[in-house]
Structure formats: C-alpha cells, structure tokens
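Participant: Dropping in upload.cif, which is mmCIF, C-alpha atoms:
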data_entry
#
loop_
_atom_site.group_PDB
_atom_site.id
_atom_site.type_symbol
_atom_site.label_atom_id
_atom_site.label_comp_id
_atom_site.auth_asym_id
_atom_site.auth_seq_id
_atom_site.Cartn_x
_atom_site.Cartn_y
_atom_site.Cartn_z
ATOM 1 C CA MET J 268 13.535 3.577 -20.236
ATOM 2 C CA THR J 269 10.621 1.597 -18.790
ATOM 3 C CA LYS J 270 7.513 0.650 -20.685
ATOM 4 C CA ALA J 271 5.471 3.225 -18.753
ATOM 5 C CA TYR J 272 7.723 6.018 -20.000
ATOM 6 C CA ALA J 273 8.122 4.842 -23.589
ATOM 7 C CA LEU J 274 5.892 4.933 -26.595
ATOM 8 C CA HIS J 275 4.288 1.630 -27.466
ATOM 9 C CA SER J 276 6.685 -0.088 -29.884
ATOM 10 C CA LYS J 277 3.975 -0.976 -32.367
ATOM 11 C CA THR J 278 2.775 2.632 -32.408
ATOM 12 C CA GLN J 279 6.299 3.902 -33.065
ATOM 13 C CA ARG J 280 6.929 1.351 -35.798
ATOM 14 C CA ASP J 281 3.617 1.691 -37.624
ATOM 15 C CA MET J 282 3.142 5.444 -37.246
ATOM 16 C CA ASP J 283 6.713 6.673 -36.880
ATOM 17 C CA VAL J 284 5.544 8.822 -33.986
ATOM 18 C CA LYS J 285 8.031 11.308 -32.622
ATOM 19 C CA PRO J 286 8.315 10.802 -28.853
ATOM 20 C CA PHE J 287 6.700 13.632 -26.924
ATOM 21 C CA HIS J 288 9.922 14.593 -25.170
ATOM 22 C CA GLN J 289 11.554 14.999 -28.587
ATOM 23 C CA ALA J 290 8.709 17.244 -29.768
ATOM 24 C CA LEU J 291 9.400 19.436 -26.757
ATOM 25 C CA ALA J 292 13.137 19.465 -27.431
ATOM 26 C CA ASP J 293 12.588 20.429 -31.066
ATOM 27 C CA HIS J 294 10.926 23.609 -29.806
ATOM 28 C CA GLY J 295 13.615 24.269 -27.212
ATOM 29 C CA LEU J 296 11.258 23.248 -24.411
ATOM 30 C CA SER J 297 11.314 20.960 -21.413
ATOM 31 C CA LEU J 298 8.438 20.114 -19.092
ATOM 32 C CA THR J 299 9.270 20.893 -15.484
ATOM 33 C CA ARG J 300 7.291 21.940 -12.455
ATOM 34 C CA GLY J 301 6.587 25.531 -11.595
ATOM 35 C CA GLU J 302 5.125 26.387 -8.204
ATOM 36 C CA THR J 303 2.686 23.618 -7.238
ATOM 37 C CA ASN J 304 -0.496 25.263 -5.980
ATOM 38 C CA THR J 305 -3.123 22.583 -6.675
ATOM 39 C CA LEU J 306 -3.732 19.242 -4.993
ATOM 40 C CA GLN J 307 -5.905 16.856 -6.999
ATOM 41 C CA ILE J 308 -7.424 13.944 -5.096
ATOM 42 C CA ASN J 309 -8.694 10.876 -6.931
ATOM 43 C CA THR J 310 -11.098 9.180 -4.508
ATOM 44 C CA GLY J 311 -11.298 5.967 -6.529
ATOM 45 C CA LEU J 312 -12.414 4.209 -9.696
ATOM 46 C CA LEU J 313 -15.874 3.245 -8.451
ATOM 47 C CA CYS J 314 -18.440 4.982 -10.662
ATOM 48 C CA ASN J 315 -22.106 4.574 -11.506
ATOM 49 C CA GLN J 316 -21.269 5.036 -15.206
ATOM 50 C CA ARG J 317 -19.013 3.241 -17.638
ATOM 51 C CA CYS J 318 -18.186 6.052 -20.060
ATOM 52 C CA ARG J 319 -16.617 5.202 -23.398
ATOM 53 C CA HIS J 320 -14.107 8.051 -23.120
ATOM 54 C CA CYS J 321 -12.888 7.268 -19.572
ATOM 55 C CA HIS J 322 -9.084 7.138 -19.386
ATOM 56 C CA LEU J 323 -9.278 5.439 -15.963
ATOM 57 C CA GLU J 324 -11.794 2.767 -16.993
ATOM 58 C CA ALA J 325 -13.932 3.672 -13.983
ATOM 59 C CA GLY J 326 -17.204 1.817 -13.515
ATOM 60 C CA PRO J 327 -19.637 0.075 -11.149
ATOM 61 C CA ASP J 328 -17.433 -3.015 -10.907
ATOM 62 C CA ARG J 329 -14.216 -1.270 -9.834
ATOM 63 C CA LYS J 330 -13.042 -1.940 -6.290
ATOM 64 C CA GLU J 331 -10.315 0.717 -6.056
ATOM 65 C CA ASN J 332 -11.642 3.275 -3.563
ATOM 66 C CA MET J 333 -9.956 5.505 -0.995
ATOM 67 C CA ASP J 334 -10.155 4.117 2.547
ATOM 68 C CA ALA J 335 -10.383 6.050 5.826
ATOM 69 C CA GLY J 336 -6.657 5.858 6.577
ATOM 70 C CA THR J 337 -5.677 7.232 3.178
ATOM 71 C CA ALA J 338 -8.312 9.973 3.430
ATOM 72 C CA GLU J 339 -6.805 11.048 6.754
ATOM 73 C CA ALA J 340 -3.304 11.038 5.248
ATOM 74 C CA VAL J 341 -4.493 13.163 2.327
ATOM 75 C CA ILE J 342 -6.150 15.688 4.662
ATOM 76 C CA ALA J 343 -2.927 15.903 6.706
ATOM 77 C CA TYR J 344 -0.913 16.471 3.516
ATOM 78 C CA ALA J 345 -3.313 19.204 2.403
ATOM 79 C CA ALA J 346 -2.771 20.935 5.746
ATOM 80 C CA ARG J 347 1.031 20.696 5.361
ATOM 81 C CA GLY J 348 1.024 21.787 1.741
ATOM 82 C CA ASN J 349 -0.919 25.068 1.966
ATOM 83 C CA PHE J 350 -2.405 24.509 -1.503
ATOM 84 C CA GLU J 351 -4.488 27.286 -3.049
ATOM 85 C CA THR J 352 -6.799 24.844 -4.838
ATOM 86 C CA ILE J 353 -7.941 21.351 -3.896
ATOM 87 C CA ASP J 354 -9.617 19.370 -6.673
ATOM 88 C CA ILE J 355 -11.683 16.294 -5.743
ATOM 89 C CA THR J 356 -12.293 13.815 -8.566
ATOM 90 C CA GLY J 357 -12.900 10.117 -9.291
ATOM 91 C CA GLY J 358 -14.490 7.801 -10.588
ATOM 92 C CA ALA J 359 -17.547 9.286 -9.038
ATOM 93 C CA PRO J 360 -16.398 10.899 -5.773
ATOM 94 C CA GLU J 361 -20.030 10.854 -4.603
ATOM 95 C CA LEU J 362 -19.690 7.073 -4.183
ATOM 96 C CA ASN J 363 -16.778 7.214 -1.758
ATOM 97 C CA ALA J 364 -17.851 6.506 1.813
ATOM 98 C CA HIS J 365 -15.585 9.253 3.164
ATOM 99 C CA ILE J 366 -16.559 12.039 0.768
ATOM 100 C CA HIS J 367 -18.485 14.108 3.336
ATOM 101 C CA GLY J 368 -15.494 14.068 5.674
ATOM 102 C CA LEU J 369 -13.113 14.997 2.867
ATOM 103 C CA VAL J 370 -15.226 17.973 1.767
ATOM 104 C CA HIS J 371 -15.742 19.142 5.341
ATOM 105 C CA GLU J 372 -12.074 18.844 6.364
ATOM 106 C CA LEU J 373 -10.488 20.088 3.142
ATOM 107 C CA SER J 374 -12.620 23.187 2.573
ATOM 108 C CA PRO J 375 -10.932 25.348 5.267
ATOM 109 C CA LEU J 376 -7.472 24.304 4.043
ATOM 110 C CA CYS J 377 -7.675 26.053 0.667
ATOM 111 C CA SER J 378 -9.126 29.145 -0.981
ATOM 112 C CA ARG J 379 -10.799 27.132 -3.744
ATOM 113 C CA LEU J 380 -12.338 23.679 -3.341
ATOM 114 C CA MET J 381 -13.389 21.964 -6.578
ATOM 115 C CA PHE J 382 -15.687 18.963 -6.823
ATOM 116 C CA ARG J 383 -15.871 17.072 -10.119
ATOM 117 C CA SER J 384 -19.126 15.269 -10.847
ATOM 118 C CA ASN J 385 -20.594 13.243 -13.684
ATOM 119 C CA LEU J 386 -23.968 14.720 -12.560
ATOM 120 C CA SER J 387 -25.943 11.474 -12.708
ATOM 121 C CA ALA J 388 -24.355 10.278 -9.456
ATOM 122 C CA LEU J 389 -25.009 13.601 -7.747
ATOM 123 C CA ASN J 390 -28.621 13.492 -8.947
ATOM 124 C CA HIS J 391 -29.471 10.489 -6.748
ATOM 125 C CA GLU J 392 -31.660 11.476 -3.791
ATOM 126 C CA ARG J 393 -29.245 9.934 -1.296
ATOM 127 C CA HIS J 394 -26.678 12.544 -2.315
ATOM 128 C CA ALA J 395 -28.907 15.531 -1.513
ATOM 129 C CA PRO J 396 -26.971 16.096 1.759
ATOM 130 C CA LEU J 397 -23.709 16.137 -0.224
ATOM 131 C CA MET J 398 -25.109 18.752 -2.597
ATOM 132 C CA ALA J 399 -26.123 20.831 0.422
ATOM 133 C CA LEU J 400 -22.642 20.424 1.921
ATOM 134 C CA LEU J 401 -20.989 21.574 -1.306
ATOM 135 C CA LYS J 402 -23.174 24.687 -1.210
ATOM 136 C CA GLU J 403 -22.377 25.302 2.465
ATOM 137 C CA LYS J 404 -18.633 25.114 1.800
ATOM 138 C CA GLY J 405 -18.841 27.189 -1.389
ATOM 139 C CA ALA J 406 -17.233 24.430 -3.438
ATOM 140 C CA VAL J 407 -16.931 24.901 -7.195
ATOM 141 C CA VAL J 408 -18.864 22.156 -8.967
ATOM 142 C CA VAL J 409 -17.207 21.024 -12.212
ATOM 143 C CA ALA J 410 -19.739 18.916 -14.083
ATOM 144 C CA SER J 411 -19.188 16.654 -17.082
ATOM 145 C CA LEU J 412 -21.707 17.083 -19.905
ATOM 146 C CA PRO J 413 -20.403 15.858 -23.266
ATOM 147 C CA SER J 414 -23.292 17.130 -25.375
ATOM 148 C CA VAL J 415 -26.641 18.909 -25.292
ATOM 149 C CA ASN J 416 -27.859 16.218 -27.681
ATOM 150 C CA GLU J 417 -29.396 13.359 -25.687
ATOM 151 C CA ALA J 418 -28.482 10.619 -28.168
ATOM 152 C CA GLN J 419 -24.848 11.725 -28.396
ATOM 153 C CA ALA J 420 -24.473 12.044 -24.629
ATOM 154 C CA ASP J 421 -26.062 8.666 -23.922
ATOM 155 C CA SER J 422 -23.922 6.968 -26.571
ATOM 156 C CA GLN J 423 -20.829 8.041 -24.637
ATOM 157 C CA ARG J 424 -22.102 7.686 -21.073
ATOM 158 C CA GLY J 425 -24.953 5.145 -21.079
ATOM 159 C CA SER J 426 -28.685 5.038 -21.734
ATOM 160 C CA GLY J 427 -30.715 7.462 -19.623
ATOM 161 C CA VAL J 428 -27.678 9.310 -18.240
ATOM 162 C CA PHE J 429 -28.418 12.539 -20.105
ATOM 163 C CA GLU J 430 -31.845 12.951 -18.502
ATOM 164 C CA LYS J 431 -30.380 12.405 -15.019
ATOM 165 C CA SER J 432 -27.639 14.921 -15.768
ATOM 166 C CA ILE J 433 -30.170 17.576 -16.771
ATOM 167 C CA GLU J 434 -32.108 16.978 -13.559
ATOM 168 C CA ALA J 435 -28.917 17.375 -11.519
ATOM 169 C CA LEU J 436 -28.148 20.691 -13.228
ATOM 170 C CA LYS J 437 -31.660 21.908 -12.445
ATOM 171 C CA LYS J 438 -31.183 20.997 -8.778
ATOM 172 C CA LEU J 439 -27.850 22.805 -8.664
ATOM 173 C CA ASN J 440 -29.444 25.888 -10.198
ATOM 174 C CA ARG J 441 -32.277 25.776 -7.660
ATOM 175 C CA ILE J 442 -29.836 25.994 -4.736
ATOM 176 C CA GLY J 443 -27.947 28.842 -6.388
ATOM 177 C CA TYR J 444 -25.217 27.231 -8.463
ATOM 178 C CA GLY J 445 -24.452 28.879 -11.796
ATOM 179 C CA ARG J 446 -26.193 32.127 -10.898
ATOM 180 C CA GLU J 447 -24.081 35.267 -10.978
ATOM 181 C CA ASP J 448 -25.399 36.777 -7.742
ATOM 182 C CA THR J 449 -24.708 33.767 -5.473
ATOM 183 C CA GLY J 450 -20.979 33.189 -5.770
ATOM 184 C CA LEU J 451 -21.679 29.470 -6.284
ATOM 185 C CA GLN J 452 -19.746 28.458 -9.369
ATOM 186 C CA LEU J 453 -20.973 25.776 -11.751
ATOM 187 C CA ASP J 454 -18.622 24.941 -14.614
ATOM 188 C CA LEU J 455 -19.196 22.409 -17.375
ATOM 189 C CA VAL J 456 -16.645 20.162 -19.053
ATOM 190 C CA CYS J 457 -17.331 18.864 -22.543
ATOM 191 C CA ASN J 458 -15.467 16.011 -24.247
ATOM 192 C CA PRO J 459 -16.102 15.008 -27.875
ATOM 193 C CA ALA J 460 -18.327 11.984 -28.347
ATOM 194 C CA GLY J 461 -16.039 10.444 -30.974
ATOM 195 C CA ALA J 462 -12.507 10.192 -32.346
ATOM 196 C CA PHE J 463 -12.103 13.880 -33.134
ATOM 197 C CA LEU J 464 -10.848 17.025 -31.454
ATOM 198 C CA PRO J 465 -13.153 19.498 -29.708
ATOM 199 C CA ALA J 466 -14.636 22.465 -31.522
ATOM 200 C CA PRO J 467 -13.410 25.936 -30.487
ATOM 201 C CA GLN J 468 -14.321 26.409 -26.838
ATOM 202 C CA ASP J 469 -16.097 29.743 -27.240
ATOM 203 C CA GLN J 470 -18.392 28.309 -29.929
ATOM 204 C CA THR J 471 -19.241 25.281 -27.796
ATOM 205 C CA ALA J 472 -19.887 27.444 -24.723
ATOM 206 C CA LYS J 473 -22.237 29.696 -26.709
ATOM 207 C CA ARG J 474 -24.173 26.711 -28.084
ATOM 208 C CA PHE J 475 -24.454 25.013 -24.677
ATOM 209 C CA ARG J 476 -25.523 28.250 -22.983
ATOM 210 C CA GLU J 477 -28.235 28.917 -25.537
ATOM 211 C CA GLN J 478 -29.583 25.355 -25.667
ATOM 212 C CA LEU J 479 -29.553 24.669 -21.929
ATOM 213 C CA LEU J 480 -31.314 27.951 -21.163
ATOM 214 C CA LYS J 481 -33.863 27.663 -23.957
ATOM 215 C CA ARG J 482 -34.805 24.003 -23.426
ATOM 216 C CA TRP J 483 -34.434 23.550 -19.664
ATOM 217 C CA GLY J 484 -33.860 26.974 -18.123
ATOM 218 C CA ILE J 485 -30.373 25.920 -16.996
ATOM 219 C CA VAL J 486 -27.538 28.409 -16.454
ATOM 220 C CA PHE J 487 -23.844 27.865 -15.734
ATOM 221 C CA ASN J 488 -20.701 29.955 -15.351
ATOM 222 C CA SER J 489 -17.992 28.598 -17.670
ATOM 223 C CA LEU J 490 -17.476 25.712 -20.083
ATOM 224 C CA TYR J 491 -14.202 23.948 -20.875
ATOM 225 C CA GLY J 492 -13.790 21.765 -23.949
ATOM 226 C CA PHE J 493 -11.049 19.135 -23.770
ATOM 227 C CA ALA J 494 -9.861 16.399 -26.091
ATOM 228 C CA ASN J 495 -10.222 12.786 -25.006
ATOM 229 C CA VAL J 496 -6.988 11.174 -23.828
ATOM 230 C CA PRO J 497 -6.069 7.929 -25.691
ATOM 231 C CA LEU J 498 -5.787 5.845 -22.537
ATOM 232 C CA GLY J 499 -7.941 3.275 -20.787
ATOM 233 C CA ARG J 500 -11.383 2.616 -22.201
ATOM 234 C CA PHE J 501 -11.072 5.321 -24.862
ATOM 235 C CA ARG J 502 -7.841 3.771 -26.157
ATOM 236 C CA LYS J 503 -9.543 0.359 -26.354
ATOM 237 C CA TRP J 504 -12.483 1.871 -28.236
ATOM 238 C CA LEU J 505 -10.115 3.558 -30.698
ATOM 239 C CA ASP J 506 -8.350 0.237 -31.277
ATOM 240 C CA GLU J 507 -11.647 -1.611 -31.782
ATOM 241 C CA LYS J 508 -12.783 0.922 -34.367
ATOM 242 C CA GLY J 509 -9.391 1.087 -36.077
ATOM 243 C CA ASN J 510 -9.136 4.812 -35.306
ATOM 244 C CA PHE J 511 -6.154 4.939 -32.965
ATOM 245 C CA ASP J 512 -3.505 5.867 -35.566
ATOM 246 C CA ASP J 513 -5.661 8.589 -37.122
ATOM 247 C CA TYR J 514 -6.553 10.010 -33.722
ATOM 248 C CA MET J 515 -2.929 10.136 -32.617
ATOM 249 C CA MET J 516 -1.946 11.895 -35.829
ATOM 250 C CA ARG J 517 -4.676 14.488 -35.211
ATOM 251 C CA LEU J 518 -3.225 15.154 -31.784
ATOM 252 C CA ILE J 519 0.357 15.293 -33.021
ATOM 253 C CA SER J 520 -0.407 17.550 -35.984
ATOM 254 C CA SER J 521 -2.209 19.937 -33.598
ATOM 255 C CA PHE J 522 0.795 20.232 -31.246
ATOM 256 C CA ASN J 523 0.932 23.780 -29.873
ATOM 257 C CA ALA J 524 4.216 24.720 -28.207
ATOM 258 C CA CYS J 525 2.527 27.764 -26.645
ATOM 259 C CA ALA J 526 0.261 25.474 -24.607
ATOM 260 C CA VAL J 527 3.178 23.921 -22.686
ATOM 261 C CA GLU J 528 3.663 26.787 -20.247
ATOM 262 C CA GLY J 529 0.076 26.573 -18.981
ATOM 263 C CA LEU J 530 -0.208 22.779 -18.651
ATOM 264 C CA MET J 531 -1.908 21.705 -15.428
ATOM 265 C CA CYS J 532 0.872 19.261 -14.546
ATOM 266 C CA ARG J 533 3.240 22.186 -13.977
ATOM 267 C CA THR J 534 1.216 23.440 -10.998
ATOM 268 C CA LEU J 535 -0.669 20.322 -9.848
ATOM 269 C CA VAL J 536 0.126 17.168 -7.902
ATOM 270 C CA SER J 537 -2.303 14.249 -8.124
ATOM 271 C CA VAL J 538 -2.824 11.744 -5.310
ATOM 272 C CA SER J 539 -4.467 8.399 -6.063
ATOM 273 C CA TRP J 540 -7.043 6.478 -4.010
ATOM 274 C CA ASP J 541 -4.205 4.489 -2.442
ATOM 275 C CA GLY J 542 -2.215 7.602 -1.534
ATOM 276 C CA PHE J 543 0.573 7.639 -4.138
ATOM 277 C CA LEU J 544 1.641 10.733 -6.051
ATOM 278 C CA TYR J 545 1.552 11.490 -9.784
ATOM 279 C CA ASP J 546 2.112 14.519 -11.976
ATOM 280 C CA CYS J 547 -1.469 14.306 -13.257
ATOM 281 C CA ASP J 548 -4.521 12.067 -13.388
ATOM 282 C CA PHE J 549 -3.529 10.798 -16.847
ATOM 283 C CA ASN J 550 -0.157 9.613 -15.599
ATOM 284 C CA LEU J 551 -2.047 7.920 -12.768
ATOM 285 C CA SER J 552 -3.874 5.913 -15.417
ATOM 286 C CA LYS J 553 -0.508 4.798 -16.842
ATOM 287 C CA GLU J 554 1.017 4.195 -13.372
ATOM 288 C CA MET J 555 3.724 6.730 -14.189
ATOM 289 C CA TYR J 556 4.639 7.863 -10.691
ATOM 290 C CA MET J 557 5.819 11.383 -9.945
ATOM 291 C CA GLY J 558 9.591 11.477 -10.136
ATOM 292 C CA LYS J 559 9.540 7.901 -11.513
ATOM 293 C CA GLN J 560 9.351 6.540 -7.989
ATOM 294 C CA LYS J 561 6.500 5.371 -5.773
ATOM 295 C CA THR J 562 6.044 8.072 -3.135
ATOM 296 C CA HIS J 563 3.191 7.985 -0.606
ATOM 297 C CA VAL J 564 1.442 11.178 0.386
ATOM 298 C CA SER J 565 2.460 10.572 4.012
ATOM 299 C CA GLU J 566 6.131 10.867 2.986
ATOM 300 C CA MET J 567 5.781 14.412 1.622
ATOM 301 C CA ASP J 568 6.495 17.454 3.769
ATOM 302 C CA GLY J 569 4.894 19.812 1.274
ATOM 303 C CA PRO J 570 4.307 20.413 -2.454
ATOM 304 C CA PRO J 571 6.809 18.983 -4.950
ATOM 305 C CA PRO J 572 9.626 21.479 -5.557
ATOM 306 C CA ALA J 573 9.779 23.689 -8.628
ATOM 307 C CA GLY J 574 12.115 22.531 -11.389
ATOM 308 C CA ARG J 575 11.418 18.827 -10.985
ATOM 309 C CA PRO J 576 10.995 17.050 -14.370
ATOM 310 C CA ILE J 577 7.507 15.825 -15.252
ATOM 311 C CA ALA J 578 7.057 12.296 -16.589
ATOM 312 C CA VAL J 579 5.810 12.327 -20.194
ATOM 313 C CA ALA J 580 4.624 9.825 -22.820
ATOM 314 C CA ASP J 581 2.603 9.814 -26.028
ATOM 315 C CA HIS J 582 -0.687 10.649 -24.290
ATOM 316 C CA CYS J 583 0.781 14.072 -23.423
ATOM 317 C CA TYR J 584 0.120 15.144 -27.009
ATOM 318 C CA THR J 585 -3.538 15.427 -25.945
ATOM 319 C CA CYS J 586 -2.753 18.227 -23.514
ATOM 320 C CA THR J 587 -0.798 20.241 -26.087
ATOM 321 C CA ALA J 588 -3.248 19.899 -28.976
ATOM 322 C CA GLY J 589 -4.730 23.194 -30.057
ATOM 323 C CA ALA J 590 -5.647 25.394 -27.093
ATOM 324 C CA GLY J 591 -4.273 22.759 -24.716
ATOM 325 C CA PHE J 592 -5.540 21.112 -21.552
ATOM 326 C CA THR J 593 -5.065 23.433 -18.601
#
Write the structure described by the file as structure tokens, please.

Facilitator:
Amino acid sequence: MTKAYALHSKTQRDMDVKPFHQALADHGLSLTRGETNTLQINTGLLCNQRCRHCHLEAGPDRKENMDAGTAEAVIAYAARGNFETIDITGGAPELNAHIHGLVHELSPLCSRLMFRSNLSALNHERHAPLMALLKEKGAVVVASLPSVNEAQADSQRGSGVFEKSIEALKKLNRIGYGREDTGLQLDLVCNPAGAFLPAPQDQTAKRFREQLLKRWGIVFNSLYGFANVPLGRFRKWLDEKGNFDDYMMRLISSFNACAVEGLMCRTLVSVSWDGFLYDCDFNLSKEMYMGKQKTHVSEMDGPPPAGRPIAVADHCYTCTAGAGFT
C-alpha cells in the first residue's frame, strides 16, 4: 500500500485510528462507483484568496492552472461522456484565462452546469461579462459563504472578503439569481470557521436566510453545510493549533454508514487542471488517482464504469460524518 492510500503512521500510532476501509468493512460496506453522471472540472489552484480551510492550498501565488490544450481535451471528454451535470470549480475558476470558453462550450453538453465561486473573485468588475454569461447559460452558481458574521468570515478567508462577498450576492440577485420566478439558481455552501463540525443544515439555512434578507435584502435558493476536510492548509492549521487528533476523533465518532450510499464520489469523476482523473476533488489534493493509476482525460472513451473501487484514506471520514458530504 502506497503512502497516498495509507493512514499517516504517526496518526495511526498516536490515535489508534481505524483505517477508513476497515470502518466500511465493519458495516458490511464497500465503496464502489455507481453510474457516473457528474463531471467535475478543477480549473486550477490560482485564487485571489488564501482561505484557512482550503484542502487544495489554493492562493494568489499558485501557478497550477488549466491551459488551452487541456481545456479542449476536457470539453471533448464532456461531449463523449454525456454527463448530466458538469461542475466547474477551482481555485477561483474566474481567474482561469479559458473560463469563458469552458462555460460557453460545456453548457450545451449537459442538463445542469454548475459554477463554484468564492464570490469575492466574481465581484470584481472585470468579471461582469462572466456573470452575464453564467446567466445567459442558466448555470447554477454555488457560492461559498462560511458565515453571516463578518469577523468570522474574514478570519477564515481574509480581511475585507466578507464585504466583497455580500456585494457579489447583491449583484447576482439583481440579475435574477436566487429568485424563485427566474429559474436562476443560487446556492450557498457553508464551512465551519474552526475545528468543529457543522451545525444541522436546516438550522444554518434558516439563520442565513433570515440574516441575509434582513440585513442586506439578499435571497438564495438552498444552503449546504459541510465539514472541513483535514487536508492541505486546513490540516496544517489543525497541526499548528494542536487540534488535529481531536478533530479526527470528532469525524470518526460521527461516522454514519447510511451516508455512504449517497457519497458524491460514487457518481462523480474529477478532472484536474492538468487533465488527470480522480474520484473526487479531495483525492486530487492527495494525488490519489482514480483506479490508482495516472489516466489522462484524453484516454477515456466515456464515464468510469460502475463497480470500480474508489480510492479511500483517512480524510474520507469527513464525507461520512453526520449527514455526510454529497
């Protein structure tokens, strides 16, 4: 077993952590692919923010970014794969030079195009044409907003980011996003600002809906609350604060076998900025390639077949904690 597919030896020794695959086996479960209907595209690690919780360690100094050739290969794969959903993410996908072409070419190839944004990047005036293009194509905007408290949000994402995020949400509302009668869907994603698990999703959604409407007149469609994955910058922060062991035990003690069936990795394939395939964006962070081998998107005739095993490691406990990560 390679290092990428094994628990860190110090973690196993000090915490006596049960490997994730063993936790599955204890419940008579295995993690294999169902029908793959979603293509997730990571356009790169370049980002205008340097968020404390980022599992990819994205930031302004990162050079990894999808080039024109890879973008063309990804578009060709999307056409071959007949995916229902195409999910564009980053880094900040707004900062990729080929993002307009990707949105334009991918939108007719699927029934649901998703665009993930940290909001502050989308708020910049130079991205007004991109916002208009997303509206034109009917793309679902999935926006990260960790808190409706400015101090908490800025502590995770950087000083002044909260204010820019609010302005971006206002702009999206003005062009119709988040309003029930337009068909333009605006969803929010909330991650805890510290080393704890998210509150119940319905409670968080209610609080966000009330506060955003009351204070800024902002509306949205749905909110999803997910736990932070102990990888990348968040893992380093946990180590610095001495919270890694406690955080892992929270995840492990919250293991929910019922969440396994709906895990996103069972129906999703993730392609990186350099064109290689992974079972999910978290495995991309760990360089755990799909099928344990380096496969380029240009080598694939279509979606990965059902029944193929999914690569797992200790970070997978995040996706099966509580309500899960779907």

Participant: Which residues, named as in the file, does the PyMOL selection byres ((chain J and resi 531) around 8) pick out? Answer as a list of chain:residue names.

Facilitator: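 Those residues are J:Gly529, J:Leu530, J:Cys532, J:Arg533, J:Thr534, J:Leu535, J:Cys547, J:Phe592, J:Thr593.
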
Participant: Could you tell me which of J:Asn304, J:Gln423, J:Pro459, J:Val409 comes closest to Ser378 (chain J) if we count only C-alpha atoms?

Facilitator: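 Using only C-alpha atoms, Ser378 (chain J) sits closest to J:Asn304.
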
Participant: I'd like the neighbourhood of Gly542 (chain J) as a PyMOL selection string, where a residue qualifies if any of its atoms comes within 7 Å (using only C-alpha atoms), though same-chain residues fewer than 6 positions away should be ignored.

Facilitator: chain J and resi 337+563-564

Participant: Just so the selection is clear, what residues does the PyMOL selection byres ((chain J and resi 465) around 12) cover here, as a PyMOL selection string?

Facilitator: chain J and resi 413-414+456-464+466-472+491-496+517-518+521+585+588-592

Participant: Which distance in Å separates CA of Cys377 (chain J) and CA of Phe350 (chain J), to one decimal?

Facilitator: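 Between CA of Cys377 (chain J) and CA of Phe350 (chain J) the gap is 5.9 Å.
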
Participant: When you look at Ala346 (chain J) with a cut-off of 9 Å (counting only C-alpha atoms), what residues show up, excluding the ones that are within fewer than 3 positions of it in the same chain? I need them as a list in words.

Facilitator: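 Here the answer would be Val341, Ile342, Ala343, Asn349, Phe350, Leu373, Leu376, Cys377 and Gly569 of chain J.
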
Participant: Could you tell me which residues the PyMOL selection byres ((chain J and resi 443) around 12) returns for this structure, as a ChimeraX atom specification?

Facilitator: /J:398-399,401-403,405-408,436-442,444-453,485-488

Participant: Report, in Å with one decimal, the straight-line distance from CA of Gly358 (chain J) to CA of His322 (chain J).

Facilitator: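 Distance reported for this atom pair: 10.3 Å.
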
Participant: If we count all atoms listed in the file, what is near Arg424 (chain J) at a cut-off of 7 Å, once residues fewer than 3 positions away on the same chain are taken out, given as a list in words?

Facilitator: Gln316, Arg317, Cys318, Arg319, Ala420, Asp421 and Val428 of chain J

Participant: In Å to one decimal, how far is CA of Cys583 (chain J) from CA of Tyr556 (chain J)?

Facilitator: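 Computing the Euclidean distance for CA of Tyr556 (chain J) and CA of Cys583 (chain J) yields 14.7 Å.
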
Participant: I need the residue nearest Lys473 (chain J) from this list: J:Thr305, J:Ser432, J:Asn363, J:Ser489. Use all atoms listed in the file for the distance.

Facilitator: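 Of all the options, J:Ser489 lies closest to Lys473 (chain J).
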
Participant: Would you please work out which residue, of J:Trp483, J:Phe549, J:Tyr514, J:Phe382, is nearest to Glu430 (chain J) when using all atoms listed in the file?

Facilitator: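 Smallest separation from Glu430 (chain J) among the options: J:Trp483.
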
Participant: Could you give me, as a PDB file with C-alpha atoms, in the frame of the given file, the residues within 7 Å of Pro576 (chain J), counting only C-alpha atoms and dropping anything in the same chain fewer than 3 positions from it?

Facilitator:
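Full text of out_15.pdb as output:
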ATOM      1  CA  LEU J 298       8.438  20.114 -19.092  1.00  0.00           C
ATOM      2  CA  THR J 299       9.270  20.893 -15.484  1.00  0.00           C
ATOM      3  CA  ARG J 300       7.291  21.940 -12.455  1.00  0.00           C
TER       4      ARG J 300
END
